[in-house]
Amino acid sequence: MIPGKHYTPEDVVLIAWRRKWWAVLPAIVIILGVFAWVRTLPNQYRSDSLILVVPQRVPESYVRSTVTTRIEDRLQSIQQQILSRTRLERIIQDFNLFQEERRTAIMEDVVERMRGNISVQVVKGDAFRVSFTSDDARTAMRVCERLSSLFIEENLRDREVLAEGTNQFLEAQLEDARRRLIETERKVEEYKQHYDGELPEQRDANIQGLHNNEMQLQALTESLNRDRDRRLVIERLIADAETPDSAPPPPVTTTAPTIGPDGVPVGATTQQTLEAAQVSLQGMQTRLTAQHPDIVRMKRIVAELQKKADAEMLARPVSSGGPVMSPAEALKKNRLAEMKSELEKIDKQIAAKTDGEQRLRTATAQYQKRIEAAPSRGSELTELTRDYQTLQSTYTSLLGKKEDSKVSANLERRQIGEQFKILDPARLPERPTSPNRTQLHSFGVGAGLGLGLLLAGLIEYLDKTLKSEADITAAFNLLVLATVPILPDLKRSGKRRWKLVAASAVVLLLAAAGAAAVAWKVWK
C-alpha cells in the first residue's frame with residue numbers, strides 16, 4: 001500500500017484483478033478441504049423420550065406429601081445420580097458403547113464423552129425430555145429407553161428414601177421428646193411426693209383439715225375440762241369417805257353403779273343388789289299401788305335376791321372371832337372402791353385426751369405450715385410444669401407429624417404418590433441429526449472466501465512498489481518527466497513466486513486446520 005494514495009473504486013477493481021489468484025486459490029483449497037472433512041464425519045442419531053410428571057392420586061387435603069422440593073430441583077438431583085460414573089460405566093458395558101475410545105482412552109474420558117451425548121431438558125409444564133446421541137440409531141434408542149427407566153426408578157426410590165428419612169427423623173425426635181417428657185414427669189412426681197401436703201392444689205384440703213382439727217381440739221378441750229372437774233369431785237368424795245367419823249356420803253349419781261333395766265345394779269354383789277332392789281321397791285310403793293305390775297315384778301325380784309343372799313350367807317365359812325362388817329360398812333367400802341376405780345378410769349381418759357390434744361395441736365401446726373408453704377411450692381411447681389407443658393405440646397405435635405409422615409411413607413411405598421410417566425417413548429431415529437453438512441459446507445465456503453480475500457488484502461498491504469505515474473506523484477509529490485519500462489528477471493521472479501506460493505500454502509493449511517477445529521466445536 002502506497003502512503004498518501006487515495007484509492008478509487010477503479011483502483012480496488014484493479015487490485016482485485018491483480019490479486020485474484022491470492023483470493024481464489026486459498027478459497028478453493030479451504031472449501032475442498034472442508035468438503036472432504038465433512039464427508040469423513042460419521043452420522044449421529046438422536047433418540048429422545050418425553051416423561052410426564054404425574055401428581056399423586058390422593059388429594060393433598062387428605063395426605064400431605066413429605067417431598068416438597070420442586071420438580072426442577074429433584075430432576076437436577078436425579079440427573080446427577082444417573083450421570084454418575086458408576087451408572088454410566090455400567091450402561092457403557094451393557095451396550096458395548098465407544099469401543100474405539102475404550103481401547104485408546106481411559107474410562108473417565110469415555111464417561112465424560114457419554115455425558116456430553118446425554119441431554120435432559122425441562123419442557124414447559126410438568127414434563128421433561130431425555131435424549132441420547134449415538135452413531136448407531138438402534139443403540140441411541142435402546143440407551144434412551146434405559147435412561148428413561150432409570151429416571152422413573154430413581155424418582156420412586158428417591159421419594160421413598162426421602163419419605164423414610166423424614167419418618168425416621170420424626171421417630172428419633174419423637175423418642176427424644178418422649179424421653180425428656182418422661183424425665184420431666186418423673187421430676188414432677190418426685191417433687192409432689194417429696195412435698196406431699198404442701199402443694200397448691202392441696203391448700204383447700206389443708207384449710208378444711210385445719211378447720212376440722214380446730215373444732216376437734218375445741219371439743220376435746222371442753223371434754224378434758226369436764227373430766228378434770230369430775231376428777232376433783234371424785235377426789236373430794238373419796239377424801240370424805242376415807243374420814244373415820246364421817247357419815248356415810250350421800251349417793252352420787254356420777255359414781256353410782258350402772259342400773260339395769262330392772263333397777264338392779266349391774267356387776268354388784270348379791271347383798272348390794274338386794275339392798276338396791278329393796279330401795280327401788282320402796283320408791284315404787286310410794287308412787288304405785290300394790291297391784292301394779294312393776295310392784296309385783298319388783299317384789300318377786302326382791303324375794304329371789306333374798307333367797308340367794310341367805311344361801312350365800314349359809315355357804316360362807318364361819319370366822320374365828322373377827323369383827324363382822326355391817327351392811328352399811330360393806331356398802332361404804334364398795335362405794336369407795338367404785339369411786340377409786342372411777343378415778344383411775346378418769347385418769348386414763350384424761351391422759352388419753354391429753355395425748356389426743358397434743359396430736360391435734362401437732363397436726364394443726366403441720367396444717368398451718370403446709371398452708372404457709374403452698375405459695376412457694378406453687379412457684380417451684382410452676383417452674384417445673386412450664387417445661388413439662390412445653391414438652392407435652394412438642395410431643396403432641398411431633399406425634400401428629402409422625403403419623404402424617406407414616407401415612408405419606410405408605411403412600412410412596414404403594415407408588416400412588418407423584419410419579420414419572422413416559423408420555424412419548426424412545427423411537428428409532430429415521431435420519432441423522434448431525435452433522436449438519438449444509439451448514440458446514442456453507443461455513444467452509446464462507447471461511448475460504450474470507451480467508452482468501454484477507455490474504456489478498458494482506459499481500460496488497462505489504463506491497464510498497466510503485467506501479468504508475470500516479471503512484472509516484474501520490475507518494476513523492478513530484479512531476480514525472482519520463483518512464484523506463486521494467487525488464488523482469490524471469491528466473492529470480494519465478495523463484496520469488498514459488499516462495500510466495502509455498503508460504504501461502506502453509507498459511508492456507510494453518511487456516512484450514514483452524515477452520516476445521518472451529519467447525520468441529522460447532523458440530524459438537
# chains A, B, ... in the order shown; residues from 1 in each chain; ligands from 1
call {"tool": "residues_around", "arguments": {"residues": "segment 426-442 of chain A", "least_positions_apart": "5", "cutoff": "12 Å", "atoms": "only C-alpha atoms", "output": "MDAnalysis selection string"}}
result
chainID A and resid 30:51 117 129:149 447:449 515:524
call {"tool": "residues_around", "arguments": {"residues": "Glu112 of chain A", "least_positions_apart": "3", "cutoff": "10 Å", "atoms": "only C-alpha atoms", "output": "number ranges by chain"}}
result
A: 83-85, 88, 107-109, 115-117
call {"tool": "residues_around", "arguments": {"residues": "segment 186-192 of chain A", "least_positions_apart": "6", "cutoff": "8 Å", "atoms": "only C-alpha atoms", "output": "PyMOL selection string"}}
result
chain A and resi 199+381+384-385
call {"tool": "closest_atom_pairs", "arguments": {"of": "segment 273-379 of chain A", "to": "segment 202-213 of chain A", "cutoff": "10 Å", "atoms": "only C-alpha atoms", "output": "Markdown table"}}
result
| residue | atom | partner | partner_atom | distance |
| --- | --- | --- | --- | --- |
| A:Glu357 | CA | A:Asn213 | CA | 9.8 |
| A:Arg359 | CA | A:Asn213 | CA | 9.8 |
| A:Leu360 | CA | A:Asn213 | CA | 6.1 |
| A:Arg361 | CA | A:Asn213 | CA | 7.9 |
| A:Thr362 | CA | A:Asn213 | CA | 9.9 |
| A:Ala363 | CA | A:Asn213 | CA | 7.5 |
| A:Thr364 | CA | A:Leu210 | CA | 5.6 |
| A:Ala365 | CA | A:Leu210 | CA | 8.6 |
| A:Gln366 | CA | A:Leu210 | CA | 8.9 |
| A:Tyr367 | CA | A:Asn206 | CA | 5.7 |
| A:Gln368 | CA | A:Leu210 | CA | 7.1 |
| A:Lys369 | CA | A:Asn206 | CA | 9.6 |
| A:Arg370 | CA | A:Asn206 | CA | 7.1 |
| A:Ile371 | CA | A:Arg203 | CA | 5.9 |
| A:Glu372 | CA | A:Arg203 | CA | 9.3 |
| A:Ala373 | CA | A:Arg203 | CA | 9.5 |
| A:Ala374 | CA | A:Arg203 | CA | 6.7 |
| A:Pro375 | CA | A:Arg203 | CA | 9.4 |
call {"tool": "write_last_selection", "arguments": {"atoms": "all heavy atoms", "output": "tab-separated table (two decimals), in the first residue's frame"}}
result
chain	number	residue	atom	x	y	z
A	357	GLU	N	-55.02	-34.34	122.48
A	357	GLU	CA	-54.90	-32.89	122.32
A	357	GLU	C	-53.54	-32.51	121.75
A	357	GLU	O	-53.44	-31.63	120.88
A	357	GLU	CB	-55.11	-32.22	123.68
A	357	GLU	CG	-55.04	-30.69	123.62
A	357	GLU	CD	-55.16	-30.06	125.00
A	357	GLU	OE1	-55.02	-30.79	125.99
A	357	GLU	OE2	-55.38	-28.84	125.06
A	359	ARG	N	-51.62	-34.42	119.90
A	359	ARG	CA	-51.59	-34.81	118.49
A	359	ARG	C	-52.36	-33.83	117.62
A	359	ARG	O	-51.93	-33.48	116.51
A	359	ARG	CB	-52.17	-36.22	118.33
A	359	ARG	CG	-51.26	-37.31	118.85
A	359	ARG	CD	-51.71	-38.68	118.35
A	359	ARG	NE	-53.08	-38.98	118.78
A	359	ARG	CZ	-53.39	-39.59	119.92
A	359	ARG	NH1	-52.43	-39.95	120.77
A	359	ARG	NH2	-54.65	-39.85	120.23
A	360	LEU	N	-53.52	-33.39	118.12
A	360	LEU	CA	-54.29	-32.41	117.34
A	360	LEU	C	-53.54	-31.10	117.19
A	360	LEU	O	-53.57	-30.47	116.11
A	360	LEU	CB	-55.64	-32.18	118.01
A	360	LEU	CG	-56.67	-33.31	117.87
A	360	LEU	CD1	-57.92	-33.00	118.68
A	360	LEU	CD2	-57.04	-33.51	116.40
A	361	ARG	N	-52.87	-30.67	118.25
A	361	ARG	CA	-52.10	-29.42	118.14
A	361	ARG	C	-50.94	-29.59	117.16
A	361	ARG	O	-50.63	-28.68	116.39
A	361	ARG	CB	-51.58	-29.01	119.51
A	361	ARG	CG	-52.68	-28.57	120.46
A	361	ARG	CD	-52.12	-28.00	121.76
A	361	ARG	NE	-53.18	-27.66	122.70
A	361	ARG	CZ	-53.89	-26.53	122.65
A	361	ARG	NH1	-53.62	-25.64	121.72
A	361	ARG	NH2	-54.83	-26.30	123.54
A	362	THR	N	-50.29	-30.76	117.20
A	362	THR	CA	-49.20	-31.02	116.24
A	362	THR	C	-49.73	-31.04	114.81
A	362	THR	O	-49.13	-30.46	113.90
A	362	THR	CB	-48.53	-32.35	116.57
A	362	THR	OG1	-48.04	-32.32	117.92
A	362	THR	CG2	-47.37	-32.60	115.62
A	363	ALA	N	-50.88	-31.72	114.60
A	363	ALA	CA	-51.48	-31.76	113.26
A	363	ALA	C	-51.91	-30.38	112.82
A	363	ALA	O	-51.76	-30.01	111.65
A	363	ALA	CB	-52.66	-32.73	113.26
A	364	THR	N	-52.44	-29.58	113.76
A	364	THR	CA	-52.86	-28.21	113.42
A	364	THR	C	-51.65	-27.38	112.99
A	364	THR	O	-51.70	-26.64	112.00
A	364	THR	CB	-53.55	-27.57	114.62
A	364	THR	OG1	-54.69	-28.35	114.99
A	364	THR	CG2	-54.00	-26.15	114.29
A	365	ALA	N	-50.54	-27.51	113.73
A	365	ALA	CA	-49.33	-26.79	113.34
A	365	ALA	C	-48.82	-27.25	111.98
A	365	ALA	O	-48.34	-26.45	111.16
A	365	ALA	CB	-48.26	-26.97	114.41
A	366	GLN	N	-48.93	-28.55	111.71
A	366	GLN	CA	-48.48	-29.08	110.42
A	366	GLN	C	-49.36	-28.56	109.29
A	366	GLN	O	-48.87	-28.19	108.22
A	366	GLN	CB	-48.51	-30.61	110.46
A	366	GLN	CG	-47.90	-31.26	109.23
A	366	GLN	CD	-47.83	-32.77	109.35
A	366	GLN	OE1	-48.31	-33.33	110.33
A	366	GLN	NE2	-47.22	-33.41	108.37
A	367	TYR	N	-50.68	-28.54	109.53
A	367	TYR	CA	-51.58	-27.97	108.52
A	367	TYR	C	-51.27	-26.50	108.27
A	367	TYR	O	-51.25	-26.03	107.12
A	367	TYR	CB	-53.03	-28.11	108.97
A	367	TYR	CG	-53.63	-29.47	108.68
A	367	TYR	CD1	-54.16	-30.26	109.70
A	367	TYR	CD2	-53.70	-29.96	107.38
A	367	TYR	CE1	-54.70	-31.51	109.44
A	367	TYR	CE2	-54.24	-31.20	107.11
A	367	TYR	CZ	-54.74	-31.97	108.14
A	367	TYR	OH	-55.28	-33.20	107.87
A	368	GLN	N	-50.99	-25.77	109.35
A	368	GLN	CA	-50.66	-24.36	109.20
A	368	GLN	C	-49.36	-24.18	108.42
A	368	GLN	O	-49.24	-23.29	107.55
A	368	GLN	CB	-50.52	-23.72	110.60
A	368	GLN	CG	-50.38	-22.21	110.57
A	368	GLN	CD	-51.63	-21.52	110.06
A	368	GLN	OE1	-52.74	-21.99	110.30
A	368	GLN	NE2	-51.44	-20.43	109.36
A	369	LYS	N	-48.38	-25.04	108.69
A	369	LYS	CA	-47.12	-24.98	107.95
A	369	LYS	C	-47.32	-25.30	106.48
A	369	LYS	O	-46.74	-24.65	105.60
A	369	LYS	CB	-46.14	-25.97	108.58
A	369	LYS	CG	-44.79	-25.99	107.92
A	369	LYS	CD	-43.87	-27.01	108.58
A	369	LYS	CE	-42.52	-27.08	107.88
A	369	LYS	NZ	-41.64	-28.12	108.49
A	370	ARG	N	-48.17	-26.29	106.18
A	370	ARG	CA	-48.45	-26.61	104.79
A	370	ARG	C	-49.12	-25.46	104.06
A	370	ARG	O	-48.80	-25.15	102.91
A	370	ARG	CB	-49.33	-27.86	104.71
A	370	ARG	CG	-48.64	-29.14	105.14
A	370	ARG	CD	-49.60	-30.30	105.11
A	370	ARG	NE	-48.96	-31.56	105.50
A	370	ARG	CZ	-49.60	-32.72	105.59
A	370	ARG	NH1	-50.90	-32.78	105.32
A	370	ARG	NH2	-48.95	-33.81	105.95
A	371	ILE	N	-50.08	-24.82	104.74
A	371	ILE	CA	-50.79	-23.70	104.11
A	371	ILE	C	-49.83	-22.55	103.84
A	371	ILE	O	-49.88	-21.89	102.78
A	371	ILE	CB	-51.95	-23.25	105.01
A	371	ILE	CG1	-53.01	-24.36	105.09
A	371	ILE	CG2	-52.59	-21.97	104.50
A	371	ILE	CD1	-54.11	-24.10	106.09
A	372	GLU	N	-48.91	-22.28	104.78
A	372	GLU	CA	-47.94	-21.20	104.58
A	372	GLU	C	-46.93	-21.54	103.48
A	372	GLU	O	-46.43	-20.64	102.79
A	372	GLU	CB	-47.21	-20.92	105.89
A	372	GLU	CG	-48.10	-20.35	106.98
A	372	GLU	CD	-47.39	-20.20	108.30
A	372	GLU	OE1	-46.21	-20.64	108.37
A	372	GLU	OE2	-47.98	-19.66	109.26
A	373	ALA	N	-46.60	-22.83	103.31
A	373	ALA	CA	-45.62	-23.23	102.29
A	373	ALA	C	-46.22	-23.39	100.90
A	373	ALA	O	-45.49	-23.56	99.93
A	373	ALA	CB	-44.94	-24.54	102.70
A	374	ALA	N	-47.54	-23.34	100.78
A	374	ALA	CA	-48.19	-23.58	99.48
A	374	ALA	C	-47.77	-22.57	98.41
A	374	ALA	O	-47.50	-22.95	97.27
A	374	ALA	CB	-49.70	-23.59	99.65
A	375	PRO	N	-47.68	-21.24	98.70
A	375	PRO	CA	-47.27	-20.30	97.63
A	375	PRO	C	-45.88	-20.59	97.07
A	375	PRO	O	-45.68	-20.57	95.85
A	375	PRO	CB	-47.33	-18.93	98.33
A	375	PRO	CG	-48.30	-19.11	99.44
A	375	PRO	CD	-48.09	-20.51	99.92
call {"tool": "closest_residue", "arguments": {"among": "A:Phe443, A:Thr221, A:Arg178, A:Ile106", "to": "Ser397 of chain A", "atoms": "only C-alpha atoms"}}
result
A:Arg178
call {"tool": "atom_distance", "arguments": {"atom1": "atom CA of Leu224 of chain A", "atom2": "atom CA of Glu344 of chain A"}}
result
14.8 Å
call {"tool": "residues_around", "arguments": {"residues": "Glu171 of chain A", "least_positions_apart": "5", "cutoff": "9 Å", "atoms": "only C-alpha atoms", "output": "NGL selection string"}}
result
:A and (166 or 176 or 398-399 or 402)
call {"tool": "write_last_selection", "arguments": {"atoms": "all heavy atoms", "output": "tab-separated table (two decimals), in the first residue's frame"}}
result
chain	number	residue	atom	x	y	z
A	166	THR	N	-37.58	-38.90	56.40
A	166	THR	CA	-38.40	-38.00	57.21
A	166	THR	C	-39.07	-38.74	58.35
A	166	THR	O	-39.14	-38.25	59.49
A	166	THR	CB	-39.45	-37.32	56.31
A	166	THR	OG1	-38.80	-36.64	55.23
A	166	THR	CG2	-40.26	-36.32	57.10
A	176	ASP	N	-36.91	-38.83	71.47
A	176	ASP	CA	-36.19	-37.89	72.34
A	176	ASP	C	-37.17	-37.06	73.16
A	176	ASP	O	-36.97	-36.84	74.36
A	176	ASP	CB	-35.30	-36.99	71.49
A	176	ASP	CG	-34.50	-36.01	72.34
A	176	ASP	OD1	-33.63	-36.47	73.09
A	176	ASP	OD2	-34.76	-34.80	72.25
A	398	LEU	N	-45.20	-33.52	67.49
A	398	LEU	CA	-44.36	-34.49	66.80
A	398	LEU	C	-45.11	-35.80	66.56
A	398	LEU	O	-44.91	-36.45	65.52
A	398	LEU	CB	-43.10	-34.77	67.61
A	398	LEU	CG	-42.03	-33.67	67.61
A	398	LEU	CD1	-40.91	-34.02	68.57
A	398	LEU	CD2	-41.47	-33.46	66.21
A	399	LEU	N	-45.97	-36.17	67.48
A	399	LEU	CA	-46.73	-37.40	67.31
A	399	LEU	C	-47.67	-37.29	66.11
A	399	LEU	O	-47.78	-38.21	65.29
A	399	LEU	CB	-47.52	-37.71	68.58
A	399	LEU	CG	-48.32	-39.02	68.59
A	399	LEU	CD1	-47.38	-40.21	68.42
A	399	LEU	CD2	-49.11	-39.14	69.88
A	402	LYS	N	-45.55	-37.32	62.99
A	402	LYS	CA	-45.03	-38.65	62.74
A	402	LYS	C	-46.09	-39.55	62.10
A	402	LYS	O	-45.81	-40.32	61.19
A	402	LYS	CB	-44.52	-39.24	64.05
A	402	LYS	CG	-43.73	-40.53	63.88
A	402	LYS	CD	-44.51	-41.72	64.34
A	402	LYS	CE	-43.69	-43.00	64.22
A	402	LYS	NZ	-44.48	-44.18	64.56
